[in-house]
Every structure is written in C-alpha cells, then in structure tokens.
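Trainee: Input file: data_37.pdb. Contents: PDB, C-alpha atoms, pLDDT in the B column.
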```pdb
MODEL        1
ATOM      1  CA  MET A  23     -88.493  45.004-145.743  1.00 85.00           C
ATOM      2  CA  LYS A  24     -90.547  47.503-143.768  1.00 90.00           C
ATOM      3  CA  GLU A  25     -93.103  47.805-146.592  1.00 92.00           C
ATOM      4  CA  GLN A  26     -93.672  44.028-146.599  1.00 93.00           C
ATOM      5  CA  LEU A  27     -94.198  44.039-142.847  1.00 94.00           C
ATOM      6  CA  ILE A  28     -96.657  46.940-143.082  1.00 93.00           C
ATOM      7  CA  LYS A  29     -98.667  45.151-145.791  1.00 94.00           C
ATOM      8  CA  ALA A  30     -98.783  41.945-143.755  1.00 94.00           C
ATOM      9  CA  MET A  31    -100.067  43.925-140.781  1.00 94.00           C
ATOM     10  CA  GLN A  32    -102.685  45.820-142.830  1.00 94.00           C
ATOM     11  CA  TYR A  33    -104.061  42.644-144.411  1.00 93.00           C
ATOM     12  CA  LYS A  34    -103.739  40.665-141.140  1.00 92.00           C
ATOM     13  CA  ARG A  35    -101.660  37.973-142.829  1.00 93.00           C
ATOM     14  CA  LEU A  36     -99.396  35.493-141.151  1.00 95.00           C
ATOM     15  CA  VAL A  37     -95.799  35.602-142.315  1.00 96.00           C
ATOM     16  CA  THR A  38     -92.614  33.667-141.763  1.00 96.00           C
ATOM     17  CA  ILE A  39     -89.674  35.879-140.900  1.00 96.00           C
ATOM     18  CA  MET A  40     -85.991  35.066-140.938  1.00 97.00           C
ATOM     19  CA  TYR A  41     -84.028  37.285-138.592  1.00 96.00           C
ATOM     20  CA  ILE A  42     -80.833  37.671-136.637  1.00 95.00           C
ATOM     21  CA  SER A  43     -81.397  37.244-132.898  1.00 89.00           C
ATOM     22  CA  LYS A  44     -79.646  39.274-130.202  1.00 87.00           C
ATOM     23  CA  SER A  45     -77.130  36.467-129.802  1.00 92.00           C
ATOM     24  CA  GLY A  46     -76.278  36.634-133.524  1.00 93.00           C
ATOM     25  CA  GLU A  47     -78.042  33.430-134.537  1.00 95.00           C
ATOM     26  CA  ILE A  48     -80.315  33.237-137.572  1.00 96.00           C
ATOM     27  CA  ALA A  49     -83.828  32.235-136.550  1.00 95.00           C
ATOM     28  CA  LYS A  50     -87.081  31.514-138.355  1.00 95.00           C
ATOM     29  CA  ARG A  51     -90.436  32.441-136.840  1.00 95.00           C
ATOM     30  CA  ARG A  52     -94.063  32.314-137.932  1.00 96.00           C
ATOM     31  CA  VAL A  53     -95.728  35.525-136.728  1.00 97.00           C
ATOM     32  CA  LYS A  54     -98.781  37.762-136.931  1.00 96.00           C
ATOM     33  CA  ILE A  55     -97.750  41.415-136.856  1.00 96.00           C
ATOM     34  CA  LEU A  56     -99.726  43.435-134.312  1.00 97.00           C
ATOM     35  CA  LYS A  57     -98.197  46.918-134.427  1.00 96.00           C
ATOM     36  CA  MET A  58     -95.199  48.840-135.689  1.00 95.00           C
ATOM     37  CA  GLU A  59     -93.387  51.619-133.850  1.00 94.00           C
ATOM     38  CA  GLY A  60     -90.335  53.285-135.344  1.00 93.00           C
ATOM     39  CA  ASP A  61     -87.649  50.685-136.026  1.00 95.00           C
ATOM     40  CA  LYS A  62     -89.444  47.875-134.129  1.00 96.00           C
ATOM     41  CA  PHE A  63     -92.607  45.836-134.469  1.00 97.00           C
ATOM     42  CA  GLN A  64     -94.625  43.724-132.098  1.00 97.00           C
ATOM     43  CA  ALA A  65     -95.917  40.371-133.294  1.00 97.00           C
ATOM     44  CA  TYR A  66     -97.502  37.239-131.929  1.00 97.00           C
ATOM     45  CA  CYS A  67     -94.910  34.474-132.302  1.00 96.00           C
ATOM     46  CA  PHE A  68     -96.463  31.040-132.807  1.00 94.00           C
ATOM     47  CA  ALA A  69     -93.232  29.239-131.831  1.00 93.00           C
ATOM     48  CA  ARG A  70     -93.034  30.990-128.449  1.00 92.00           C
ATOM     49  CA  GLN A  71     -96.830  31.373-128.114  1.00 95.00           C
ATOM     50  CA  ALA A  72     -96.386  34.941-126.907  1.00 97.00           C
ATOM     51  CA  LYS A  73     -96.100  38.539-128.077  1.00 97.00           C
ATOM     52  CA  ARG A  74     -92.550  39.422-129.041  1.00 96.00           C
ATOM     53  CA  THR A  75     -90.791  42.589-130.169  1.00 96.00           C
ATOM     54  CA  PHE A  76     -88.549  42.432-133.232  1.00 96.00           C
ATOM     55  CA  ILE A  77     -86.131  44.990-134.689  1.00 96.00           C
ATOM     56  CA  ILE A  78     -86.932  45.659-138.348  1.00 96.00           C
ATOM     57  CA  ASN A  79     -83.252  45.974-139.335  1.00 95.00           C
ATOM     58  CA  ASN A  80     -82.603  42.445-138.004  1.00 96.00           C
ATOM     59  CA  VAL A  81     -85.220  40.910-140.324  1.00 96.00           C
ATOM     60  CA  LEU A  82     -83.536  39.208-143.288  1.00 96.00           C
ATOM     61  CA  ALA A  83     -86.642  37.945-145.134  1.00 96.00           C
ATOM     62  CA  VAL A  84     -90.431  38.078-144.968  1.00 95.00           C
ATOM     63  CA  LEU A  85     -92.344  35.218-146.576  1.00 93.00           C
ATOM     64  CA  PRO A  86     -96.145  35.144-146.796  1.00 88.00           C
ATOM     65  CA  ILE A  87     -97.974  32.055-145.571  1.00 85.00           C
ATOM     66  CA  ILE A  88    -100.613  31.112-148.119  1.00 75.00           C
ATOM     67  CA  GLY A  89    -103.254  28.619-147.087  1.00 66.00           C
ATOM     68  CA  LYS A  90    -102.428  25.849-144.670  1.00 61.00           C
ATOM     69  CA  GLU A  91     -98.917  24.537-144.569  1.00 54.00           C
ATOM     70  CA  LYS A  92     -98.757  20.800-145.068  1.00 48.00           C
ATOM     71  CA  LYS A  93     -96.091  18.470-143.789  1.00 49.00           C
ATOM     72  CA  ILE A  94     -94.353  16.243-146.291  1.00 48.00           C
ATOM     73  CA  ILE A  95     -94.318  12.645-145.168  1.00 43.00           C
TER      74      ILE A  95
ENDMDL
END
```
As structure tokens, what does this structure read like?
Mentor:
Amino acid sequence: MKEQLIKAMQYKRLVTIMYISKSGEIAKRRVKILKMEGDKFQAYCFARQAKRTFIINNVLAVLPIIGKEKKII
C-alpha cells in the first residue's frame, strides 16, 4: 500500500482511498497526497476541502483517478 501512495505522490496523481476511520467506519475519500512521514501521510481531501492526516495502516485500497470522472445518469 505504501508503495502505491508514494507513486501517487511522486507523479502528483489524485487517488481514491478506502480507509478505516478512527471510529471504525469504512470511508472513501478522493485525495492528493502532499507528504509522507513514517506511518502517516498528509493529503488534501476533496470531500472535506482541507488537508488531512491519514495513517497508512488504516488504508484498505488505493485507486488511481484517470481522466475526469463522469456521473452516470
């Protein structure tokens, strides 16, 4: 998981992450990774419109965002 996050940061790609929150809920966020430090990383979260800190071990999946996402009507 850490390698995928590092690559996304190096190439400045947006990714969707699935993770377990502090309260134990599974959440999905679209983020741009800004920096990594030890077992945590800081990212800009588009849902919260703010910088957030995530724990790498709580990340369940990292999915690249390719092109513009389109809504299905």
Trainee: Any idea what's packed within 12 Å of Gln32 of chain A, counting all atoms listed in the file, ignoring anything in its chain fewer than 6 positions away? Could you give it as a PDB file with C-alpha atoms, in the frame of the given file?
Mentor:
```pdb
ATOM      1  CA  GLU A  25     -93.103  47.805-146.592  1.00 92.00           C
ATOM      2  CA  GLN A  26     -93.672  44.028-146.599  1.00 93.00           C
ATOM      3  CA  LYS A  54     -98.781  37.762-136.931  1.00 96.00           C
ATOM      4  CA  ILE A  55     -97.750  41.415-136.856  1.00 96.00           C
ATOM      5  CA  LEU A  56     -99.726  43.435-134.312  1.00 97.00           C
ATOM      6  CA  LYS A  57     -98.197  46.918-134.427  1.00 96.00           C
ATOM      7  CA  MET A  58     -95.199  48.840-135.689  1.00 95.00           C
TER       8      MET A  58
END
```
Trainee: Take the PyMOL selection byres ((chain A and resi 36) around 12), apply it to the structure above, and return the hits as a PyMOL selection string.
Mentor: chain A and resi 26-35+37-39+51-56+65-68+84-91
Trainee: Determine, counting only C-alpha atoms, which protein, DNA and RNA residues have an atom within 9 Å of an atom of Asn79 of chain A; residues of the same chain fewer than 5 positions away are not included. Present the result as number ranges by chain.
Mentor: A: 23-24, 41, 61-62
Trainee: To one decimal in Å, tell me the separation between atom CA of Ala83 of chain A and atom CA of Glu47 of chain A.
Mentor: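 Between these atoms lies a distance of 14.4 Å.
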Trainee: Kindly compute an axis-aligned box around the listed atoms of segment 42-55 of chain A, allowing 5 Å on each side, and express its centre and edge lengths in Å to one decimal as lines of an AutoDock Vina configuration file.
Mentor:
```
center_x = -87.5
center_y = 36.5
center_z = -134.1
size_x = 32.5
size_y = 19.9
size_z = 18.6
```
Trainee: Kindly indicate which residue among A:Thr75, A:Phe63, A:Val81, A:Ala69 lies nearest to Ile42 of chain A, using all atoms listed in the file for the distances.
Mentor: A:Val81
Trainee: Can you pull out the residues contacting Ser43 of chain A? Cut-off 9 Å, using all atoms listed in the file, and skip same-chain residues under 5 positions away; I want them as a list in words.
Mentor: Ile48, Ala49, Phe76 and Asn80 of chain A
